[in-house]
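One file, structure-v8.pdb, is given below (PDB, C-alpha atoms).
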```pdb
MODEL        1
ATOM      1  CA  MET W 229    -184.241  70.822  35.597  1.00  0.00           C
ATOM      2  CA  ALA W 230    -180.555  71.429  36.214  1.00  0.00           C
ATOM      3  CA  LYS W 231    -179.304  71.501  39.784  1.00  0.00           C
ATOM      4  CA  ARG W 232    -178.550  75.014  41.048  1.00  0.00           C
ATOM      5  CA  ILE W 233    -174.962  75.911  41.731  1.00  0.00           C
ATOM      6  CA  PHE W 234    -174.406  77.370  45.184  1.00  0.00           C
ATOM      7  CA  LYS W 235    -170.666  77.218  45.716  1.00  0.00           C
ATOM      8  CA  ILE W 236    -168.386  80.026  44.714  1.00  0.00           C
ATOM      9  CA  LYS W 237    -164.896  80.862  45.852  1.00  0.00           C
ATOM     10  CA  PHE W 238    -163.298  84.173  45.029  1.00  0.00           C
ATOM     11  CA  ARG W 239    -160.174  86.106  45.952  1.00  0.00           C
ATOM     12  CA  ILE W 240    -160.373  89.290  47.966  1.00  0.00           C
ATOM     13  CA  PRO W 241    -157.682  91.956  47.929  1.00  0.00           C
ATOM     14  CA  PRO W 242    -155.747  93.030  50.996  1.00  0.00           C
ATOM     15  CA  TYR W 243    -157.638  95.424  53.266  1.00  0.00           C
ATOM     16  CA  VAL W 244    -157.665  99.075  52.197  1.00  0.00           C
ATOM     17  CA  THR W 245    -159.022 102.207  53.806  1.00  0.00           C
ATOM     18  CA  PRO W 246    -161.523 103.641  53.767  1.00  0.00           C
ATOM     19  CA  ARG W 247    -163.357 100.402  54.469  1.00  0.00           C
ATOM     20  CA  ASN W 248    -166.113 101.172  51.934  1.00  0.00           C
ATOM     21  CA  ASP W 249    -163.482 101.084  49.188  1.00  0.00           C
ATOM     22  CA  TRP W 250    -162.534  97.576  50.339  1.00  0.00           C
ATOM     23  CA  ARG W 251    -166.212  96.595  50.333  1.00  0.00           C
ATOM     24  CA  ARG W 252    -166.513  97.769  46.719  1.00  0.00           C
ATOM     25  CA  LEU W 253    -163.544  95.607  45.731  1.00  0.00           C
ATOM     26  CA  ILE W 254    -165.068  92.587  47.484  1.00  0.00           C
ATOM     27  CA  HIS W 255    -168.432  93.204  45.814  1.00  0.00           C
ATOM     28  CA  LYS W 256    -166.791  93.433  42.399  1.00  0.00           C
ATOM     29  CA  ALA W 257    -164.822  90.201  42.936  1.00  0.00           C
ATOM     30  CA  ALA W 258    -167.921  88.323  44.122  1.00  0.00           C
ATOM     31  CA  ARG W 259    -170.092  89.680  41.302  1.00  0.00           C
ATOM     32  CA  THR W 260    -167.516  88.712  38.700  1.00  0.00           C
ATOM     33  CA  LYS W 261    -167.278  85.137  40.005  1.00  0.00           C
ATOM     34  CA  MET W 262    -171.051  84.791  40.366  1.00  0.00           C
ATOM     35  CA  ARG W 263    -171.615  85.924  36.782  1.00  0.00           C
ATOM     36  CA  ALA W 264    -168.932  83.580  35.461  1.00  0.00           C
ATOM     37  CA  LYS W 265    -170.450  80.586  37.281  1.00  0.00           C
ATOM     38  CA  ARG W 266    -174.058  81.756  36.757  1.00  0.00           C
ATOM     39  CA  VAL W 267    -174.753  81.662  40.481  1.00  0.00           C
ATOM     40  CA  THR W 268    -177.618  83.571  42.042  1.00  0.00           C
ATOM     41  CA  TYR W 269    -178.835  83.479  45.614  1.00  0.00           C
ATOM     42  CA  GLN W 270    -182.519  83.783  46.438  1.00  0.00           C
ATOM     43  CA  GLY W 271    -184.120  85.157  49.582  1.00  0.00           C
ATOM     44  CA  ASP W 272    -184.937  81.731  51.019  1.00  0.00           C
ATOM     45  CA  ASP W 273    -181.489  80.168  50.450  1.00  0.00           C
ATOM     46  CA  LYS W 274    -179.595  79.122  53.563  1.00  0.00           C
ATOM     47  CA  LEU W 275    -175.901  79.873  53.135  1.00  0.00           C
ATOM     48  CA  ALA W 276    -172.533  79.322  54.781  1.00  0.00           C
ATOM     49  CA  VAL W 277    -169.686  81.806  54.364  1.00  0.00           C
ATOM     50  CA  GLU W 278    -166.005  81.190  55.023  1.00  0.00           C
ATOM     51  CA  VAL W 279    -163.527  84.069  54.950  1.00  0.00           C
ATOM     52  CA  VAL W 280    -159.737  83.731  55.026  1.00  0.00           C
ATOM     53  CA  LEU W 281    -157.868  86.981  55.574  1.00  0.00           C
ATOM     54  CA  TYR W 282    -154.155  87.190  54.923  1.00  0.00           C
ATOM     55  CA  LEU W 283    -152.542  89.848  57.093  1.00  0.00           C
ATOM     56  CA  GLU W 284    -148.927  90.724  57.781  1.00  0.00           C
ATOM     57  CA  GLY W 285    -147.059  92.420  60.584  1.00  0.00           C
ATOM     58  CA  ALA W 286    -148.993  94.824  62.790  1.00  0.00           C
ATOM     59  CA  ALA W 287    -152.162  94.290  60.719  1.00  0.00           C
ATOM     60  CA  THR W 288    -152.487  90.813  62.227  1.00  0.00           C
ATOM     61  CA  GLY W 289    -153.040  92.289  65.676  1.00  0.00           C
ATOM     62  CA  PHE W 290    -154.923  95.369  64.506  1.00  0.00           C
ATOM     63  CA  HIS W 291    -157.793  93.807  62.551  1.00  0.00           C
ATOM     64  CA  ASP W 292    -160.647  92.204  64.477  1.00  0.00           C
ATOM     65  CA  VAL W 293    -162.178  89.289  62.595  1.00  0.00           C
ATOM     66  CA  ASP W 294    -165.727  90.384  63.485  1.00  0.00           C
ATOM     67  CA  ASN W 295    -165.215  93.779  61.831  1.00  0.00           C
ATOM     68  CA  ARG W 296    -163.748  92.266  58.673  1.00  0.00           C
ATOM     69  CA  LEU W 297    -166.593  89.719  58.502  1.00  0.00           C
ATOM     70  CA  LYS W 298    -169.054  92.620  58.751  1.00  0.00           C
ATOM     71  CA  ASP W 299    -167.300  94.286  55.812  1.00  0.00           C
ATOM     72  CA  VAL W 300    -167.565  91.111  53.727  1.00  0.00           C
ATOM     73  CA  MET W 301    -171.227  90.561  54.621  1.00  0.00           C
ATOM     74  CA  ASP W 302    -172.112  94.183  53.871  1.00  0.00           C
ATOM     75  CA  ALA W 303    -170.289  93.987  50.542  1.00  0.00           C
ATOM     76  CA  LEU W 304    -172.263  90.878  49.590  1.00  0.00           C
ATOM     77  CA  GLN W 305    -175.472  92.776  50.370  1.00  0.00           C
ATOM     78  CA  GLY W 306    -174.372  95.728  48.230  1.00  0.00           C
ATOM     79  CA  ARG W 307    -173.889  98.016  51.226  1.00  0.00           C
ATOM     80  CA  MET W 308    -170.970 100.376  50.715  1.00  0.00           C
ATOM     81  CA  GLY W 309    -172.021 103.376  52.757  1.00  0.00           C
ATOM     82  CA  GLY W 310    -174.876 105.797  52.532  1.00  0.00           C
ATOM     83  CA  PRO W 311    -178.433 105.327  53.798  1.00  0.00           C
ATOM     84  CA  LYS W 312    -179.697 101.745  54.058  1.00  0.00           C
ATOM     85  CA  THR W 313    -182.837 102.662  52.137  1.00  0.00           C
ATOM     86  CA  VAL W 314    -180.778 103.575  49.058  1.00  0.00           C
ATOM     87  CA  ARG W 315    -178.880 100.726  47.408  1.00  0.00           C
ATOM     88  CA  ARG W 316    -176.383 101.864  44.816  1.00  0.00           C
ATOM     89  CA  HIS W 317    -174.981  98.367  44.287  1.00  0.00           C
ATOM     90  CA  GLN W 318    -176.826  95.179  43.445  1.00  0.00           C
ATOM     91  CA  PRO W 319    -177.165  92.838  46.445  1.00  0.00           C
ATOM     92  CA  LEU W 320    -175.488  89.518  45.716  1.00  0.00           C
ATOM     93  CA  ILE W 321    -177.006  87.943  48.809  1.00  0.00           C
ATOM     94  CA  PRO W 322    -180.455  89.432  49.483  1.00  0.00           C
ATOM     95  CA  ASN W 323    -179.968  89.523  53.261  1.00  0.00           C
ATOM     96  CA  ASP W 324    -177.216  88.371  55.597  1.00  0.00           C
ATOM     97  CA  ARG W 325    -179.785  86.704  57.847  1.00  0.00           C
ATOM     98  CA  GLN W 326    -179.630  83.927  55.239  1.00  0.00           C
ATOM     99  CA  VAL W 327    -176.144  83.072  56.466  1.00  0.00           C
ATOM    100  CA  PHE W 328    -176.497  80.260  58.990  1.00  0.00           C
ATOM    101  CA  ARG W 329    -172.790  79.628  59.419  1.00  0.00           C
ATOM    102  CA  ALA W 330    -169.855  82.012  59.154  1.00  0.00           C
ATOM    103  CA  ALA W 331    -166.187  81.306  59.763  1.00  0.00           C
ATOM    104  CA  VAL W 332    -163.300  83.759  59.654  1.00  0.00           C
ATOM    105  CA  THR W 333    -159.621  82.943  59.796  1.00  0.00           C
ATOM    106  CA  LYS W 334    -156.794  85.450  59.804  1.00  0.00           C
ATOM    107  CA  MET W 335    -153.279  84.310  59.117  1.00  0.00           C
ATOM    108  CA  ARG W 336    -150.008  85.269  57.518  1.00  0.00           C
ATOM    109  CA  PRO W 337    -150.174  85.024  53.728  1.00  0.00           C
ATOM    110  CA  PRO W 338    -148.509  82.191  51.878  1.00  0.00           C
ATOM    111  CA  PRO W 339    -146.129  83.497  49.161  1.00  0.00           C
ATOM    112  CA  GLN W 340    -148.394  82.472  46.269  1.00  0.00           C
ATOM    113  CA  SER W 341    -151.353  84.491  47.651  1.00  0.00           C
ATOM    114  CA  HIS W 342    -149.795  87.917  46.997  1.00  0.00           C
ATOM    115  CA  GLY W 343    -151.773  89.031  50.062  1.00  0.00           C
ATOM    116  CA  PHE W 344    -155.142  88.151  48.515  1.00  0.00           C
ATOM    117  CA  GLY W 345    -157.484  86.297  50.873  1.00  0.00           C
ATOM    118  CA  HIS W 346    -160.555  84.400  49.805  1.00  0.00           C
ATOM    119  CA  VAL W 347    -164.244  83.940  50.460  1.00  0.00           C
ATOM    120  CA  THR W 348    -166.189  80.729  49.929  1.00  0.00           C
ATOM    121  CA  ILE W 349    -169.987  80.691  49.849  1.00  0.00           C
ATOM    122  CA  THR W 350    -171.805  77.361  49.961  1.00  0.00           C
ATOM    123  CA  LYS W 351    -175.246  76.015  50.695  1.00  0.00           C
ATOM    124  CA  HIS W 352    -175.711  75.551  54.434  1.00  0.00           C
ATOM    125  CA  ARG W 353    -176.166  71.933  55.405  1.00  0.00           C
ATOM    126  CA  GLU W 354    -178.109  71.354  58.589  1.00  0.00           C
TER
ENDMDL
END
```
With the file now loaded, output its structure as structure tokens.
Amino acid sequence: MAKRIFKIKFRIPPYVTPRNDWRRLIHKAARTKMRAKRVTYQGDDKLAVEVVLYLEGAATGFHDVDNRLKDVMDALQGRMGGPKTVRRHQPLIPNDRQVFRAAVTKMRPPPQSHGFGHVTITKHRE
């Protein structure tokens, strides 16, 4: 049996408002990468998530990393607004309680990034 692939890394666009629009863009980017690499996460997987946000000017001081992490985690669960009982988007991670480690970094963007940050999901190693 082939070993399951856990690691994906995908680019996320600069933050846009309303925040649910940004979540949709994150969900689409993650779904595209997961399909290309044939990655799926199951309910008993233990995961680690690393988020790098590239922000410029006043946005660096305005955005709290905990709020942006919440946006990323909600996007990965398919939550883009509306009642929690109704899921309009496929969850890519069944539940964020599966994330045992999360790291967020915000920094000024390097020129080659074009403002796009990135998210890396890996298997959590205890």
Please list as a list of chain:residue names every residue within 10 Å of W:Arg316, counting only C-alpha atoms and excluding residues in the same chain fewer than 6 positions away.
W:Gly306, W:Arg307, W:Met308, W:Gly309, W:Gly310
Contacts of stretch 270-276 of chain W at 6 Å or less, counting all atoms listed in the file, minus same-chain residues fewer than 5 places along, as a list in words?
Pro322, Gln326, Val327, Phe328, Arg329, Ala330, Ile349, Thr350, Lys351 and His352 of chain W
Could you jot down the atom CA of W:Asn295 to atom CA of W:Glu354 separation for me, Å, one decimal place?
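Distance between the two atoms: 26.1 Å.
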Do you know which residues are at most 7 Å from stretch 249-256 of chain W counting only C-alpha atoms, after dropping those on the same chain fewer than 5 positions away, and could you put them as an MDAnalysis selection string?
chainID W and resid 240 243:244 299:300 303:304 306 308
Applying the PyMOL selection byres ((chain W and resi 294) around 12) to the file I just gave you, which residues come out? Please list them as a count of residues only.
18
How would you write, as a PyMOL selection string, the residues chosen by the PyMOL selection byres ((chain W and resi 239) around 12) on this structure?
chain W and resi 236-238+240-242+253-261+278-282+300+341-349
What is the atom CA of W:Leu283-atom CA of W:Met335 distance in Å, reported with one decimal?
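Spanning atom CA of W:Leu283 to atom CA of W:Met335 is a straight-line distance of 5.9 Å.
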How far is it from atom CA of W:Met262 to atom CA of W:Arg232, in Å with one decimal?
12.3 Å
My list of candidates is W:Lys235, W:Arg353, W:Pro337, W:Asn248. Which is closest to W:Val267 when distances are computed with only C-alpha atoms?
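Using only C-alpha atoms, W:Val267 sits closest to W:Lys235.
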Return the padded bounding box of stretch 336-351 of chain W as JSON: axis-aligned, built from all atoms listed in the file, 3 Å added on each side, with centre and edge lengths in Å to one decimal.
```
{"center_x": -160.7, "center_y": 82.5, "center_z": 51.9, "size_x": 35.1, "size_y": 19.0, "size_z": 17.2}
```
Looking at W:Asn323, W:Glu284, W:Ile233, W:Pro246, which one is nearest to W:Lys265, with distances taken over only C-alpha atoms?
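Nearest to W:Lys265: W:Ile233.
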